[in-house]
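Enquirer: Just target-v4.cif, nothing more (mmCIF, N, CA and C atoms):
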```cif
data_data
#
loop_
_atom_site.label_atom_id
_atom_site.label_comp_id
_atom_site.auth_asym_id
_atom_site.auth_seq_id
_atom_site.Cartn_x
_atom_site.Cartn_y
_atom_site.Cartn_z
N MET A 227 14.45 3.84 6.46
CA MET A 227 13.20 4.55 6.38
C MET A 227 12.10 3.66 6.94
N ILE A 228 11.30 4.21 7.81
CA ILE A 228 10.17 3.49 8.39
C ILE A 228 8.89 4.21 8.00
N LEU A 229 7.99 3.50 7.37
CA LEU A 229 6.70 4.06 6.99
C LEU A 229 5.68 3.70 8.07
N ASN A 230 5.02 4.70 8.61
CA ASN A 230 4.04 4.46 9.67
C ASN A 230 2.63 4.27 9.15
N GLU A 231 2.31 4.93 8.02
CA GLU A 231 0.98 4.79 7.47
C GLU A 231 1.00 5.11 5.98
N LEU A 232 -0.01 4.63 5.29
CA LEU A 232 -0.19 4.89 3.88
C LEU A 232 -1.60 5.43 3.71
N ILE A 233 -1.71 6.59 3.09
CA ILE A 233 -3.02 7.20 2.85
C ILE A 233 -3.25 7.25 1.35
N LEU A 234 -4.32 6.62 0.90
CA LEU A 234 -4.70 6.60 -0.51
C LEU A 234 -5.96 7.42 -0.68
N GLU A 235 -6.01 8.19 -1.75
CA GLU A 235 -7.22 8.97 -2.03
C GLU A 235 -7.57 8.79 -3.50
N ASN A 236 -8.69 8.11 -3.74
CA ASN A 236 -9.17 7.82 -5.10
C ASN A 236 -8.06 7.19 -5.95
N PHE A 237 -7.45 6.15 -5.43
CA PHE A 237 -6.36 5.45 -6.13
C PHE A 237 -6.86 4.10 -6.58
N CYS A 238 -6.96 3.92 -7.89
CA CYS A 238 -7.44 2.67 -8.50
C CYS A 238 -8.76 2.23 -7.87
N ALA A 239 -8.79 1.05 -7.29
CA ALA A 239 -10.03 0.51 -6.73
C ALA A 239 -10.40 1.12 -5.38
N PHE A 240 -9.50 1.90 -4.77
CA PHE A 240 -9.76 2.50 -3.47
C PHE A 240 -10.39 3.87 -3.67
N GLY A 241 -11.71 3.95 -3.53
CA GLY A 241 -12.41 5.21 -3.68
C GLY A 241 -12.39 6.00 -2.38
N GLY A 242 -12.37 7.30 -2.49
CA GLY A 242 -12.34 8.14 -1.30
C GLY A 242 -10.99 8.09 -0.63
N ARG A 243 -10.97 8.44 0.64
CA ARG A 243 -9.72 8.47 1.41
C ARG A 243 -9.62 7.20 2.25
N GLN A 244 -8.56 6.43 2.05
CA GLN A 244 -8.32 5.21 2.78
C GLN A 244 -6.99 5.32 3.50
N GLN A 245 -6.95 4.93 4.75
CA GLN A 245 -5.74 5.03 5.57
C GLN A 245 -5.36 3.66 6.10
N VAL A 246 -4.09 3.27 5.89
CA VAL A 246 -3.58 1.98 6.34
C VAL A 246 -2.46 2.22 7.35
N GLN A 247 -2.60 1.69 8.56
CA GLN A 247 -1.56 1.80 9.57
C GLN A 247 -0.50 0.74 9.32
N LEU A 248 0.75 1.14 9.22
CA LEU A 248 1.84 0.21 8.96
C LEU A 248 2.75 0.02 10.16
N THR A 249 2.38 0.59 11.30
CA THR A 249 3.18 0.45 12.51
C THR A 249 2.77 -0.84 13.23
N PRO A 250 3.69 -1.78 13.38
CA PRO A 250 3.34 -3.04 14.05
C PRO A 250 3.13 -2.84 15.56
N GLU A 251 2.35 -3.72 16.14
CA GLU A 251 2.14 -3.70 17.59
C GLU A 251 3.35 -4.34 18.27
N THR A 252 3.47 -4.13 19.57
CA THR A 252 4.64 -4.60 20.32
C THR A 252 4.85 -6.11 20.19
N ASN A 253 3.80 -6.90 20.41
CA ASN A 253 3.94 -8.36 20.38
C ASN A 253 3.64 -8.97 19.02
N LYS A 254 3.36 -8.11 18.02
CA LYS A 254 3.04 -8.58 16.67
C LYS A 254 3.88 -7.78 15.68
N PRO A 255 5.14 -8.20 15.45
CA PRO A 255 6.08 -7.39 14.67
C PRO A 255 5.92 -7.44 13.15
N ILE A 256 4.91 -8.16 12.64
CA ILE A 256 4.74 -8.30 11.20
C ILE A 256 3.35 -7.82 10.80
N ILE A 257 3.29 -7.08 9.70
CA ILE A 257 2.01 -6.64 9.13
C ILE A 257 1.72 -7.51 7.92
N LEU A 258 0.55 -8.16 7.89
CA LEU A 258 0.15 -9.01 6.78
C LEU A 258 -1.08 -8.43 6.10
N PHE A 259 -1.11 -8.51 4.78
CA PHE A 259 -2.28 -8.11 4.02
C PHE A 259 -2.81 -9.35 3.32
N GLY A 260 -4.05 -9.67 3.57
CA GLY A 260 -4.67 -10.83 2.94
C GLY A 260 -6.03 -10.45 2.40
N GLY A 261 -6.51 -11.21 1.44
CA GLY A 261 -7.82 -10.94 0.89
C GLY A 261 -8.08 -11.76 -0.36
N MET A 262 -9.29 -11.67 -0.84
CA MET A 262 -9.70 -12.39 -2.05
C MET A 262 -9.06 -11.74 -3.27
N ASN A 263 -9.13 -12.45 -4.39
CA ASN A 263 -8.66 -11.89 -5.65
C ASN A 263 -9.44 -10.62 -5.95
N GLY A 264 -8.74 -9.59 -6.38
CA GLY A 264 -9.39 -8.32 -6.69
C GLY A 264 -9.65 -7.47 -5.47
N GLY A 265 -9.10 -7.85 -4.32
CA GLY A 265 -9.34 -7.13 -3.09
C GLY A 265 -8.47 -5.90 -2.88
N GLY A 266 -7.41 -5.73 -3.68
CA GLY A 266 -6.59 -4.54 -3.58
C GLY A 266 -5.19 -4.73 -3.01
N LYS A 267 -4.77 -5.97 -2.84
CA LYS A 267 -3.43 -6.22 -2.27
C LYS A 267 -2.33 -5.69 -3.19
N THR A 268 -2.41 -5.98 -4.46
CA THR A 268 -1.41 -5.51 -5.42
C THR A 268 -1.49 -4.00 -5.57
N THR A 269 -2.67 -3.44 -5.47
CA THR A 269 -2.83 -1.98 -5.56
C THR A 269 -2.10 -1.30 -4.41
N LEU A 270 -2.13 -1.88 -3.22
CA LEU A 270 -1.37 -1.32 -2.09
C LEU A 270 0.12 -1.33 -2.39
N LEU A 271 0.61 -2.42 -2.96
CA LEU A 271 2.03 -2.49 -3.32
C LEU A 271 2.38 -1.49 -4.41
N ASP A 272 1.48 -1.31 -5.37
CA ASP A 272 1.70 -0.30 -6.42
C ASP A 272 1.79 1.09 -5.82
N ALA A 273 0.93 1.39 -4.86
CA ALA A 273 0.95 2.70 -4.20
C ALA A 273 2.27 2.92 -3.47
N LEU A 274 2.75 1.91 -2.77
CA LEU A 274 4.03 2.03 -2.07
C LEU A 274 5.18 2.25 -3.05
N GLN A 275 5.15 1.55 -4.18
CA GLN A 275 6.20 1.74 -5.18
C GLN A 275 6.15 3.15 -5.75
N LEU A 276 4.96 3.69 -5.97
CA LEU A 276 4.85 5.06 -6.47
C LEU A 276 5.41 6.06 -5.47
N VAL A 277 5.15 5.82 -4.19
CA VAL A 277 5.67 6.71 -3.15
C VAL A 277 7.19 6.69 -3.12
N LEU A 278 7.76 5.50 -3.23
CA LEU A 278 9.21 5.35 -3.10
C LEU A 278 9.98 5.69 -4.37
N TYR A 279 9.42 5.36 -5.54
CA TYR A 279 10.18 5.49 -6.78
C TYR A 279 9.61 6.50 -7.78
N GLY A 280 8.44 7.03 -7.53
CA GLY A 280 7.85 8.02 -8.43
C GLY A 280 7.63 7.46 -9.82
N SER A 281 8.04 8.21 -10.84
CA SER A 281 7.78 7.82 -12.22
C SER A 281 8.58 6.59 -12.65
N LYS A 282 9.58 6.20 -11.88
CA LYS A 282 10.39 5.02 -12.22
C LYS A 282 9.85 3.73 -11.59
N ALA A 283 8.72 3.82 -10.93
CA ALA A 283 8.14 2.64 -10.27
C ALA A 283 7.70 1.62 -11.30
N ARG A 284 7.90 0.35 -10.97
CA ARG A 284 7.45 -0.75 -11.82
C ARG A 284 6.10 -1.21 -11.29
N LEU A 285 5.05 -0.79 -11.93
CA LEU A 285 3.70 -1.10 -11.46
C LEU A 285 3.18 -2.36 -12.11
N SER A 286 2.09 -2.88 -11.56
CA SER A 286 1.52 -4.13 -12.07
C SER A 286 0.89 -3.97 -13.44
N ASN A 287 0.59 -2.75 -13.85
CA ASN A 287 -0.03 -2.46 -15.15
C ASN A 287 -1.42 -3.06 -15.30
N ARG A 288 -2.03 -3.42 -14.19
CA ARG A 288 -3.41 -3.90 -14.24
C ARG A 288 -4.33 -2.72 -14.17
N GLY A 289 -5.22 -2.60 -15.08
CA GLY A 289 -6.21 -1.53 -15.07
C GLY A 289 -5.67 -0.19 -15.54
N LYS A 290 -4.39 -0.10 -15.82
CA LYS A 290 -3.75 1.12 -16.30
C LYS A 290 -4.13 2.30 -15.41
#
```
Please express what this file holds, its structure, as structure tokens.
Expert:
Amino acid sequence: MILNELILENFCAFGGRQQVQLTPETNKPIILFGGMNGGGKTTLLDALQLVLYGSKARLSNRGK
């Protein structure tokens, strides 16, 4: 399975509609997410787990 993009709408700290492109460029085969503490990196991983595993996803449990 290849995910090309992730669209979040009012999910945790991400207000409104946010779209993340997950398709790597030709000469850059890796996608990296970086940021300060509280910037939403773990929230992105939680969203991916919800997409893939639904109610059985193991979330970070931060902020409930």
Enquirer: Apply DSSP to the structure's backbone, then extract all residues of chain A labelled strand (DSSP E or B) and return them as a list in words.
Expert: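 The residues of chain A classed as strand (DSSP E or B) are Glu231, Leu232, Ile233, Leu234, Glu235, Asn236, Phe237, Phe240, Gly241, Gly242, Arg243, Gln244, Gln245, Val246, Gln247, Glu251 and Lys254 of chain A.
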Enquirer: Find the residues around Gln247 of chain A up to 6.5 Å (only N, CA and C atoms counted), leave out those fewer than 5 positions away in its own chain, and share them as a ChimeraX atom specification.
Expert: /A:230-232
Enquirer: Within 7 Å of segment 254-269 of chain A, counting all atoms listed in the file, which residues show up once you throw out same-chain ones fewer than 5 positions away? Write them as a list of chain:residue names, please.
Expert: A:Ala239, A:Leu248, A:Leu274
Enquirer: Report the residues of chain A whose backbone DSSP state falls under helix (DSSP H, G or I), written as a VMD selection string.
Expert: chain A and resid 267 to 282
Enquirer: Decode the PyMOL selection byres ((chain A and resi 233) around 7) for the given file into explicit residues and return them as a list in words.
Expert: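 Applying the PyMOL selection byres ((chain A and resi 233) around 7) to the structure shown produces Glu231, Leu232, Leu234, Glu235, Arg243, Gln244, Gln245 and Val246 of chain A.
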